[in-house]
file start.txt (compact mmCIF, C-alpha atoms)
# COMPACT_ATOMS: atom_id res chain seq x y z
CA MET Y 716 13.95 50.30 19.31
CA SER Y 717 16.26 47.72 17.81
CA ALA Y 718 18.82 48.30 20.56
CA GLU Y 719 16.18 47.61 23.19
CA ARG Y 720 15.12 44.40 21.51
CA HIS Y 721 18.76 43.42 21.13
CA SER Y 722 19.46 43.85 24.83
CA ARG Y 723 16.37 41.87 25.74
CA ALA Y 724 17.58 39.08 23.50
CA MET Y 725 20.99 39.24 25.14
CA ARG Y 726 19.40 38.91 28.55
CA GLY Y 727 17.54 35.84 27.31
CA LEU Y 728 20.81 34.24 26.23
CA ALA Y 729 22.57 34.31 29.60
CA PRO Y 730 25.28 31.58 29.78
CA GLY Y 731 23.36 29.65 32.42
CA ARG Y 732 20.32 29.53 30.23
CA ILE Y 733 22.32 28.35 27.23
CA ALA Y 734 23.81 25.54 29.32
CA LEU Y 735 20.34 24.61 30.55
CA ALA Y 736 18.97 24.59 27.02
CA LEU Y 737 21.87 22.44 25.81
CA LEU Y 738 21.40 20.03 28.71
CA ALA Y 739 17.68 19.80 27.95
CA LEU Y 740 18.48 19.10 24.31
CA ALA Y 741 21.02 16.43 25.25
CA LEU Y 742 18.56 14.73 27.59
CA TYR Y 743 15.87 14.92 24.96
CA ALA Y 744 18.14 13.25 22.43
CA LEU Y 745 19.00 10.26 24.62
CA PRO Y 746 15.82 8.15 24.42
CA ALA Y 747 15.16 8.98 20.78
CA ARG Y 748 16.74 6.36 18.56
CA ALA Y 749 15.20 4.94 15.44
CA VAL Y 750 11.80 6.39 16.28
CA GLU Y 751 11.38 9.54 14.25
CA PRO Y 752 9.56 12.59 15.60
CA ASP Y 753 6.69 12.30 13.14
CA GLU Y 754 5.90 8.81 14.43
CA VAL Y 755 5.52 9.85 18.07
CA LEU Y 756 1.97 9.85 19.38
CA ALA Y 757 0.53 12.94 21.05
CA ASP Y 758 -0.72 10.93 24.02
CA PRO Y 759 2.37 10.23 26.17
CA GLN Y 760 0.74 7.21 27.82
CA LEU Y 761 -0.05 5.55 24.47
CA GLU Y 762 3.43 6.46 23.21
CA ALA Y 763 5.00 4.78 26.25
CA ARG Y 764 2.97 1.63 25.55
CA ALA Y 765 4.00 1.78 21.89
CA ARG Y 766 7.67 2.04 22.89
CA ASP Y 767 7.37 -0.90 25.29
CA LEU Y 768 5.63 -3.00 22.65
CA SER Y 769 8.11 -2.06 19.93
CA ARG Y 770 11.03 -3.16 22.10
CA ASP Y 771 9.51 -6.66 22.25
CA LEU Y 772 8.84 -6.91 18.52
CA ARG Y 773 11.47 -8.17 16.15
CA CYS Y 774 12.35 -6.29 13.01
CA VAL Y 775 11.80 -9.18 10.63
CA VAL Y 776 14.30 -7.95 8.06
CA CYS Y 777 17.17 -7.25 10.46
CA GLN Y 778 16.85 -10.37 12.60
CA ASN Y 779 18.14 -9.39 16.03
CA GLN Y 780 16.98 -5.83 16.39
CA SER Y 781 13.67 -4.73 17.76
CA ILE Y 782 11.53 -2.50 15.59
CA ASP Y 783 12.15 0.18 18.21
CA ASP Y 784 15.88 0.06 17.40
CA SER Y 785 15.84 -0.50 13.69
CA ASP Y 786 16.10 2.03 10.90
CA ALA Y 787 14.76 -0.43 8.32
CA PRO Y 788 11.77 0.93 6.37
CA LEU Y 789 9.68 -2.11 7.29
CA ALA Y 790 10.46 -1.53 11.00
CA ARG Y 791 9.23 2.04 10.63
CA ASP Y 792 6.03 0.81 8.95
CA LEU Y 793 5.49 -1.65 11.77
CA ARG Y 794 6.10 1.04 14.41
CA ILE Y 795 3.48 3.23 12.77
CA LEU Y 796 1.13 0.25 12.52
CA VAL Y 797 1.59 -0.55 16.23
CA ARG Y 798 0.73 3.06 17.09
CA GLU Y 799 -2.33 3.00 14.85
CA ARG Y 800 -3.60 -0.19 16.48
CA LEU Y 801 -3.08 1.30 19.93
CA LYS Y 802 -4.90 4.47 18.94
CA SER Y 803 -7.84 2.44 17.66
CA GLY Y 804 -8.11 0.89 21.12
CA ASP Y 805 -6.22 -2.42 20.79
CA SER Y 806 -4.75 -3.94 23.92
CA ASP Y 807 -1.02 -4.76 23.96
CA ARG Y 808 -1.95 -8.40 23.56
CA GLU Y 809 -4.14 -7.69 20.54
CA VAL Y 810 -1.35 -5.74 18.85
CA LYS Y 811 1.02 -8.67 19.32
CA GLU Y 812 -1.61 -11.13 18.07
CA PHE Y 813 -2.08 -8.94 14.99
CA LEU Y 814 1.60 -9.16 14.09
CA VAL Y 815 1.98 -12.83 15.05
CA ALA Y 816 -0.90 -13.63 12.67
CA ARG Y 817 1.17 -12.10 9.86
CA TYR Y 818 4.76 -12.93 10.69
CA GLY Y 819 4.45 -15.86 13.11
CA ASP Y 820 5.93 -16.22 16.60
CA TYR Y 821 9.25 -15.04 15.15
CA VAL Y 822 8.23 -11.37 15.54
CA LEU Y 823 8.18 -11.77 19.30
CA LEU Y 824 11.65 -11.16 20.71
CA ARG Y 825 10.52 -12.85 23.91
CA PRO Y 826 9.24 -16.29 22.89
CA ARG Y 827 5.91 -17.33 24.34
CA PHE Y 828 5.59 -20.35 26.59
CA GLY Y 829 4.00 -23.13 24.59
CA ALA Y 830 4.30 -26.67 23.32
CA ALA Y 831 7.22 -25.74 21.05
CA THR Y 832 9.04 -23.57 23.59
CA PHE Y 833 8.55 -25.33 26.91
CA LEU Y 834 12.05 -26.81 26.66
CA LEU Y 835 13.50 -23.39 25.97
CA TRP Y 836 11.89 -21.86 29.05
CA GLY Y 837 12.23 -25.02 31.14
CA ALA Y 838 15.90 -25.73 30.30
CA PRO Y 839 17.39 -23.58 33.12
CA LEU Y 840 15.11 -25.26 35.68
CA LEU Y 841 15.93 -28.70 34.27
CA VAL Y 842 19.67 -27.97 34.42
CA LEU Y 843 19.32 -26.65 37.97
CA ALA Y 844 17.35 -29.72 39.05
CA GLY Y 845 19.80 -32.04 37.29
CA GLY Y 846 22.79 -30.27 38.84
CA GLY Y 847 21.14 -30.34 42.25
CA LEU Y 848 20.54 -34.07 42.01
CA TRP Y 849 24.13 -34.62 40.91
CA VAL Y 850 25.53 -32.56 43.81
CA LEU Y 851 23.27 -34.46 46.20
CA GLY Y 852 24.55 -37.74 44.78
CA VAL Y 853 28.18 -36.62 45.13
CA ILE Y 854 27.66 -35.56 48.75
CA ARG Y 855 25.99 -38.86 49.62
CA GLY Y 856 28.67 -40.80 47.73
CA ARG Y 857 31.41 -38.99 49.62
CA LYS Y 858 29.88 -39.89 52.99
CA VAL Y 859 29.66 -43.52 51.96
CA GLY Y 860 33.19 -43.30 50.57
CA THR Y 861 34.80 -41.94 53.77
CA ALA Y 862 33.04 -44.58 55.84
CA SER Y 863 34.37 -47.40 53.70
CA GLU Y 864 37.85 -45.83 53.60
CA ALA Y 865 37.83 -45.76 57.40
CA ARG Y 866 36.94 -49.42 57.43
CA GLN Y 867 39.80 -50.12 55.01
CA THR Y 868 42.40 -48.36 57.21
CA ALA Y 869 41.19 -50.34 60.14
CA SER Y 870 41.95 -53.54 58.29
CA LEU Y 871 45.44 -52.65 56.92
CA PRO Y 872 47.68 -55.60 56.21
CA PRO Y 873 49.79 -56.44 59.34
CA GLU Y 874 53.19 -55.56 57.74
CA ASP Y 875 51.89 -52.10 56.62
CA GLU Y 876 50.40 -51.49 60.03
CA ALA Y 877 53.80 -52.19 61.60
CA ARG Y 878 55.49 -49.85 59.12
CA VAL Y 879 53.04 -47.05 59.87
CA ARG Y 880 53.53 -47.47 63.60
CA ASN Y 881 57.29 -47.50 63.14
CA LEU Y 882 57.20 -44.30 61.06
CA LEU Y 883 54.96 -42.50 63.52
CA GLU Y 884 57.15 -43.41 66.45
CA SER Y 885 60.60 -42.82 64.91
CA GLY Y 886 59.63 -39.56 63.11
CA LYS Y 887 62.17 -40.41 60.39
CA PRO Y 888 61.36 -40.62 56.67
CA ASP Y 889 60.37 -43.99 55.37
CA PRO Y 890 63.44 -45.66 53.83
CA GLU Y 891 61.21 -47.52 51.33
CA THR Y 892 59.72 -44.41 49.73
CA ARG Y 893 61.96 -42.45 47.42
CA PRO Y 894 61.65 -38.70 48.05
CA ASP Y 895 60.62 -36.69 44.96
CA ARG Y 896 62.97 -33.87 45.70
CA GLY Y 897 66.12 -33.19 47.65
CA MET H 1313 29.40 -49.03 34.40
CA LYS H 1314 29.87 -46.16 36.79
CA ARG H 1315 32.44 -44.63 34.43
CA LEU H 1316 29.71 -44.30 31.78
CA VAL H 1317 28.06 -41.61 33.89
CA PHE H 1318 30.92 -39.29 32.96
CA LEU H 1319 30.09 -39.76 29.28
CA VAL H 1320 26.59 -38.33 29.76
CA PRO H 1321 27.69 -34.64 29.65
CA LEU H 1322 29.85 -35.41 26.62
CA ALA H 1323 26.92 -37.09 24.88
CA LEU H 1324 24.66 -34.11 25.69
CA PHE H 1325 27.34 -31.76 24.37
CA VAL H 1326 27.63 -33.70 21.11
CA ILE H 1327 23.84 -33.68 20.68
CA ALA H 1328 23.68 -29.93 21.30
CA LEU H 1329 26.61 -29.43 18.91
CA GLY H 1330 24.81 -31.34 16.16
CA TYR H 1331 21.65 -29.35 16.78
CA PHE H 1332 23.45 -26.01 16.54
CA ALA H 1333 25.43 -27.13 13.48
CA LEU H 1334 22.11 -27.90 11.80
CA GLY H 1335 20.85 -24.46 12.80
CA LEU H 1336 23.81 -22.83 11.07
CA THR H 1337 22.84 -24.33 7.72
CA ARG H 1338 19.40 -22.74 7.84
CA ASP H 1339 18.82 -19.21 6.59
CA PRO H 1340 17.09 -17.25 9.36
CA ALA H 1341 15.79 -14.74 6.80
CA LYS H 1342 13.53 -17.42 5.34
CA LEU H 1343 10.49 -17.20 7.56
CA PRO H 1344 7.82 -19.82 7.03
CA SER H 1345 4.63 -18.06 5.96
CA THR H 1346 1.78 -18.08 8.46
CA LEU H 1347 -0.61 -17.94 5.50
CA ILE H 1348 0.06 -21.45 4.16
CA ASP H 1349 -3.31 -23.18 3.51
CA ARG H 1350 -5.14 -20.03 4.57
CA PRO H 1351 -7.05 -17.62 2.33
CA LEU H 1352 -5.28 -14.50 1.12
CA PRO H 1353 -5.93 -11.53 3.38
CA ASP H 1354 -8.52 -9.12 2.04
CA PHE H 1355 -7.03 -6.38 -0.08
CA ASP H 1356 -8.26 -4.09 -2.82
CA LEU H 1357 -5.31 -2.28 -4.33
CA PRO H 1358 -5.58 0.54 -6.89
CA PRO H 1359 -3.82 0.25 -10.27
CA ILE H 1360 -0.36 1.68 -10.76
CA ALA H 1361 0.10 4.57 -13.18
CA GLY H 1362 -0.43 3.48 -16.78
CA ARG H 1363 -2.81 0.65 -15.87
CA THR H 1364 -6.57 0.63 -15.48
CA THR H 1365 -7.13 -2.43 -13.28
CA GLY H 1366 -5.81 -2.84 -9.76
CA LEU H 1367 -5.63 -6.05 -7.75
CA ARG H 1368 -8.16 -7.46 -5.28
CA SER H 1369 -7.93 -10.70 -3.33
CA ALA H 1370 -11.15 -11.78 -5.12
CA ASP H 1371 -9.18 -11.77 -8.41
CA PHE H 1372 -7.52 -14.99 -7.28
CA HIS H 1373 -10.62 -17.14 -7.57
CA GLY H 1374 -11.03 -19.38 -10.60
CA GLY H 1375 -7.61 -20.97 -11.09
CA PRO H 1376 -4.17 -21.24 -9.51
CA LYS H 1377 -2.07 -18.09 -9.84
CA LEU H 1378 1.22 -16.61 -8.75
CA LEU H 1379 1.44 -13.48 -6.66
CA ASN H 1380 4.74 -11.66 -6.95
CA ILE H 1381 5.84 -8.86 -4.62
CA TRP H 1382 8.19 -6.44 -6.34
CA GLY H 1383 9.25 -2.82 -6.46
CA SER H 1384 11.28 -0.60 -8.74
CA TRP H 1385 13.73 -0.05 -5.84
CA CYS H 1386 14.35 -3.78 -5.44
CA THR H 1387 17.64 -4.97 -6.91
CA ALA H 1388 16.92 -8.69 -6.59
CA CYS H 1389 13.76 -8.13 -8.65
CA VAL H 1390 15.95 -7.08 -11.58
CA VAL H 1391 17.67 -10.47 -11.30
CA GLU H 1392 14.35 -12.29 -11.15
CA HIS H 1393 12.55 -10.32 -13.84
CA PRO H 1394 13.81 -12.04 -17.02
CA PHE H 1395 12.51 -15.32 -15.62
CA LEU H 1396 9.06 -13.81 -14.96
CA MET H 1397 9.05 -12.50 -18.55
CA GLU H 1398 9.91 -16.00 -19.76
CA LEU H 1399 7.14 -17.50 -17.60
CA ALA H 1400 4.58 -15.05 -18.98
CA ARG H 1401 5.55 -16.18 -22.47
CA VAL H 1402 5.69 -19.97 -22.05
CA SER H 1403 3.40 -20.73 -19.11
CA GLU H 1404 -0.33 -20.29 -18.79
CA VAL H 1405 -0.21 -19.38 -15.09
CA PRO H 1406 -1.29 -15.77 -14.51
CA ILE H 1407 1.27 -13.70 -12.59
CA MET H 1408 -0.28 -11.09 -10.35
CA GLY H 1409 1.96 -8.35 -9.04
CA VAL H 1410 2.02 -6.10 -6.00
CA ASP H 1411 4.13 -3.00 -6.50
CA TRP H 1412 5.40 -2.64 -2.96
CA LYS H 1413 6.24 0.78 -1.50
CA ASP H 1414 7.03 2.47 -4.77
CA ALA H 1415 7.00 6.16 -5.53
CA PRO H 1416 4.13 7.20 -7.86
CA GLY H 1417 5.04 6.36 -11.43
CA ALA H 1418 8.27 4.50 -10.52
CA GLY H 1419 6.74 1.07 -11.05
CA GLU H 1420 5.40 1.99 -14.47
CA LYS H 1421 8.80 3.34 -15.56
CA TRP H 1422 10.55 0.21 -14.32
CA LEU H 1423 8.15 -2.07 -16.22
CA ALA H 1424 8.57 0.01 -19.40
CA ARG H 1425 12.30 -0.61 -19.13
CA HIS H 1426 12.33 -4.29 -18.11
CA GLY H 1427 9.06 -5.59 -19.60
CA ASP H 1428 5.70 -6.35 -18.02
CA PRO H 1429 4.89 -10.00 -17.24
CA PHE H 1430 1.94 -9.24 -14.95
CA THR H 1431 -1.71 -10.04 -15.61
CA ARG H 1432 -2.80 -7.60 -12.93
CA ILE H 1433 -0.88 -5.24 -10.66
CA GLY H 1434 -1.95 -3.64 -7.43
CA ASP H 1435 -0.23 -0.56 -6.06
CA ASP H 1436 0.74 -0.76 -2.37
CA PRO H 1437 2.58 2.49 -1.62
CA SER H 1438 1.94 2.31 2.14
CA GLY H 1439 3.04 -1.33 2.35
CA ARG H 1440 -0.05 -2.32 4.36
CA ALA H 1441 -1.13 -5.10 1.98
CA ALA H 1442 2.42 -6.48 2.10
CA ILE H 1443 2.36 -6.46 5.91
CA ASP H 1444 -0.98 -8.33 5.82
CA LEU H 1445 0.74 -10.85 3.54
CA GLY H 1446 3.63 -11.20 6.00
CA VAL H 1447 6.12 -9.93 3.43
CA THR H 1448 9.61 -9.27 4.78
CA GLY H 1449 11.35 -8.31 1.55
CA ALA H 1450 11.14 -8.31 -2.20
CA PRO H 1451 10.88 -10.33 -4.28
CA GLU H 1452 8.54 -12.85 -2.71
CA THR H 1453 6.27 -15.15 -4.65
CA PHE H 1454 3.09 -16.78 -3.41
CA VAL H 1455 1.42 -19.74 -5.09
CA VAL H 1456 -2.34 -19.27 -4.66
CA ASP H 1457 -4.90 -21.98 -5.43
CA ALA H 1458 -8.21 -21.61 -7.30
CA ARG H 1459 -10.06 -20.89 -4.06
CA GLY H 1460 -7.74 -18.04 -3.21
CA ARG H 1461 -5.78 -19.91 -0.54
CA VAL H 1462 -2.02 -19.48 -0.20
CA ARG H 1463 -0.34 -22.84 -0.76
CA HIS H 1464 3.33 -21.94 -0.98
CA LYS H 1465 5.63 -18.97 -0.62
CA ILE H 1466 9.10 -18.46 -2.02
CA ILE H 1467 11.36 -15.83 -0.49
CA GLY H 1468 13.87 -14.32 -2.90
CA PRO H 1469 14.08 -14.47 -6.69
CA ILE H 1470 12.55 -17.46 -8.42
CA GLY H 1471 14.34 -19.11 -11.33
CA PRO H 1472 14.25 -22.27 -13.41
CA ALA H 1473 15.34 -24.55 -10.54
CA ILE H 1474 12.66 -23.36 -8.08
CA TRP H 1475 10.09 -23.35 -10.87
CA ALA H 1476 10.80 -26.94 -11.88
CA GLY H 1477 11.30 -28.21 -8.35
CA GLU H 1478 8.64 -26.40 -6.33
CA ILE H 1479 6.23 -24.31 -8.34
CA GLU H 1480 5.37 -26.31 -11.45
CA PRO H 1481 4.57 -29.61 -9.67
CA LEU H 1482 2.43 -27.70 -7.17
CA LEU H 1483 0.59 -25.84 -9.94
CA ARG H 1484 -0.17 -29.14 -11.65
CA GLN H 1485 -1.59 -30.48 -8.39
CA LEU H 1486 -3.62 -27.29 -7.86
CA ARG H 1487 -5.08 -27.49 -11.37
CA ALA H 1488 -6.16 -31.07 -10.69
CA GLU H 1489 -7.73 -29.93 -7.40
CA ALA H 1490 -9.56 -27.11 -9.17
CA ALA H 1491 -10.86 -29.51 -11.84
CA ALA H 1492 -12.11 -31.89 -9.12
CA ASP H 1493 -13.78 -28.94 -7.41
CA THR H 1494 -15.69 -27.93 -10.54
CA THR H 1495 -16.97 -31.48 -11.29
CA GLN H 1496 -17.92 -31.71 -7.64
CA GLY H 1497 -19.83 -28.44 -8.05
CA ALA H 1498 -21.55 -29.75 -11.21
CA THR H 1499 -22.80 -32.88 -9.47
CA ASP H 1500 -23.95 -30.81 -6.51
CA VAL H 1501 -26.09 -28.71 -8.85
CA ARG H 1502 -27.63 -31.78 -10.38

call {"tool": "encode", "arguments": {"input": "start.txt", "output": "structure tokens"}}
result
Amino acid sequence: MSAERHSRAMRGLAPGRIALALLALALYALPARAVEPDEVLADPQLEARARDLSRDLRCVVCQNQSIDDSDAPLARDLRILVRERLKSGDSDREVKEFLVARYGDYVLLRPRFGAATFLLWGAPLLVLAGGGLWVLGVIRGRKVGTASEARQTASLPPEDEARVRNLLESGKPDPETRPDRG
Amino acid sequence: MKRLVFLVPLALFVIALGYFALGLTRDPAKLPSTLIDRPLPDFDLPPIAGRTTGLRSADFHGGPKLLNIWGSWCTACVVEHPFLMELARVSEVPIMGVDWKDAPGAGEKWLARHGDPFTRIGDDPSGRAAIDLGVTGAPETFVVDARGRVRHKIIGPIGPAIWAGEIEPLLRQLRAEAAADTTQGATDVR
């Protein structure tokens, strides 16, 4: 009897199956970080929302980690709280409002657009617009510049004009300019 | 005049530099409380072991009080505690305590060892009341006025300097406000 059971167990532990089980375990371990198994909600859809929300919420004691990443006890409490609010039917927005009411805008890792943050969000656009205007100015300035330079060459002093013509025709180096090398 | 245009980026850089330098001097762990000038959140906490009365938000009506968040696991609270003991002896302000996320009995043991300066203590083992209060760590001390509104919050241990500079002047002001409120109430009745 025991031999039969033993062989059945052996069949169950074929090398391929072990590899598959290990792979499954490894894949299972990847997304799990600070979130502990007892926190995970039974409803996968709610759990996914909780994970998404937690990634956007700052762990107030560890500054630049989300509560999804942090092992701090307060982060764990907040994760559980987020899940409880979701279970009781709160929308994502309501959950965020709930925490902002307690910890201020600081809990949001992605700052909201508002009177205090419009510069923060608008800065890239402002820099782009400013840079664009500058480039436009440079391009226009260059066009004006080349036109005036052309006018200047046209009205070269007579002795220089003679020298230039002389140089172009003879093909020899200018005796008045000292070569840098050689 | 046209050369000055090249100084604009430099000027912007210097302004940004000054701004960031200022930012470096500020402690990012010190979050301003969202509760300032707002009533305490509703809570009704059970007593800790060895005590018969817990702590409710309604207990804060009738005069300015301090609300101190502590726990037996909190090392900075040990630093702060002698000052709270001193306050309980020399000052008339009631100190209310919230024993935050402590194991059953741990708070009582800690107070037996270090002394008990608290008028009332509420037990908050789940930490929910502390979250409602926006607490990020212990110790934290709230100054609550006679109407139960939070007027100030100090993060970290309080000591003689913070007491003399921030808490005592505010308490004096809050007592004056409370006195004005009661005479106001008396004339309203008449």

call {"tool": "interface_residues", "arguments": {"input": "start.txt", "of": "chain H", "to": "chain Y", "cutoff": "9 Å", "atoms": "all atoms listed in the file", "output": "ChimeraX atom specification"}}
result
/H:1340-1341,1343-1347,1438-1440,1443-1449

call {"tool": "atom_distance", "arguments": {"input": "start.txt", "atom1": "atom CA of H:His1426", "atom2": "atom CA of H:Gly1409"}}
result
14.4 Å

call {"tool": "residues_around", "arguments": {"input": "start.txt", "residues": "H:Gly1468", "least_positions_apart": "4", "cutoff": "12 Å", "atoms": "only C-alpha atoms", "output": "PyMOL selection string"}}
result
chain H and resi 1339+1341-1343+1380-1382+1386-1393+1447-1454+1474

call {"tool": "residues_near_point", "arguments": {"input": "start.txt", "point": "(-10.5, -8.2, -0.9)", "cutoff": "6 Å", "atoms": "all atoms listed in the file", "output": "count of residues only"}}
result
6

call {"tool": "atom_distance", "arguments": {"input": "start.txt", "atom1": "atom CA of Y:Leu801", "atom2": "atom CA of Y:Arg766"}}
result
11.2 Å

call {"tool": "residues_around", "arguments": {"input": "start.txt", "residues": "stretch 756-764 of chain Y", "least_positions_apart": "6", "cutoff": "9 Å", "atoms": "all atoms listed in the file", "output": "PDB file with C-alpha atoms, keeping the file's coordinate frame"}}
result
ATOM      1  CA  ARG Y 798       0.730   3.060  17.090  1.00  0.00           C
ATOM      2  CA  LEU Y 801      -3.080   1.300  19.930  1.00  0.00           C
ATOM      3  CA  LYS Y 802      -4.900   4.470  18.940  1.00  0.00           C
ATOM      4  CA  ASP Y 807      -1.020  -4.760  23.960  1.00  0.00           C
TER       5      ASP Y 807
END

call {"tool": "atom_distance", "arguments": {"input": "start.txt", "atom1": "atom CA of Y:Val810", "atom2": "atom CA of Y:Val797"}}
result
6.5 Å

call {"tool": "decode", "arguments": {"input": "start.txt", "residues": "stretch 1361-1373 of chain H", "atoms": "N, CA and C atoms", "output": "PDB file, in the first residue's frame"}}
result
ATOM      1  N   ALA H1361      -4.958  49.393  29.747  1.00  0.00           N
ATOM      2  CA  ALA H1361      -4.997  48.541  30.942  1.00  0.00           C
ATOM      3  C   ALA H1361      -4.570  49.356  32.152  1.00  0.00           C
ATOM      4  N   GLY H1362      -5.263  49.173  33.274  1.00  0.00           N
ATOM      5  CA  GLY H1362      -4.897  49.876  34.496  1.00  0.00           C
ATOM      6  C   GLY H1362      -5.608  51.204  34.660  1.00  0.00           C
ATOM      7  N   ARG H1363      -6.393  51.605  33.660  1.00  0.00           N
ATOM      8  CA  ARG H1363      -7.133  52.865  33.742  1.00  0.00           C
ATOM      9  C   ARG H1363      -8.618  52.575  33.569  1.00  0.00           C
ATOM     10  N   THR H1364      -9.467  53.481  34.037  1.00  0.00           N
ATOM     11  CA  THR H1364     -10.895  53.222  33.879  1.00  0.00           C
ATOM     12  C   THR H1364     -11.523  54.119  32.815  1.00  0.00           C
ATOM     13  N   THR H1365     -10.918  55.306  32.575  1.00  0.00           N
ATOM     14  CA  THR H1365     -11.498  56.191  31.571  1.00  0.00           C
ATOM     15  C   THR H1365     -10.649  56.186  30.301  1.00  0.00           C
ATOM     16  N   GLY H1366     -11.350  56.186  29.174  1.00  0.00           N
ATOM     17  CA  GLY H1366     -10.673  56.291  27.885  1.00  0.00           C
ATOM     18  C   GLY H1366     -10.600  57.744  27.455  1.00  0.00           C
ATOM     19  N   LEU H1367     -10.600  57.979  26.156  1.00  0.00           N
ATOM     20  CA  LEU H1367     -10.511  59.347  25.663  1.00  0.00           C
ATOM     21  C   LEU H1367     -11.443  59.526  24.464  1.00  0.00           C
ATOM     22  N   ARG H1368     -12.342  60.536  24.594  1.00  0.00           N
ATOM     23  CA  ARG H1368     -13.231  60.860  23.474  1.00  0.00           C
ATOM     24  C   ARG H1368     -12.924  62.267  23.005  1.00  0.00           C
ATOM     25  N   SER H1369     -13.269  62.589  21.769  1.00  0.00           N
ATOM     26  CA  SER H1369     -13.008  63.952  21.294  1.00  0.00           C
ATOM     27  C   SER H1369     -13.829  64.960  22.101  1.00  0.00           C
ATOM     28  N   ALA H1370     -14.990  64.514  22.657  1.00  0.00           N
ATOM     29  CA  ALA H1370     -15.827  65.424  23.444  1.00  0.00           C
ATOM     30  C   ALA H1370     -15.133  65.858  24.739  1.00  0.00           C
ATOM     31  N   ASP H1371     -14.144  65.064  25.187  1.00  0.00           N
ATOM     32  CA  ASP H1371     -13.416  65.409  26.420  1.00  0.00           C
ATOM     33  C   ASP H1371     -12.630  66.707  26.294  1.00  0.00           C
ATOM     34  N   PHE H1372     -12.488  67.207  25.056  1.00  0.00           N
ATOM     35  CA  PHE H1372     -11.659  68.390  24.856  1.00  0.00           C
ATOM     36  C   PHE H1372     -12.422  69.694  25.013  1.00  0.00           C
ATOM     37  N   HIS H1373     -13.735  69.604  25.243  1.00  0.00           N
ATOM     38  CA  HIS H1373     -14.487  70.842  25.422  1.00  0.00           C
ATOM     39  C   HIS H1373     -14.319  71.362  26.840  1.00  0.00           C
TER      40      HIS H1373
END
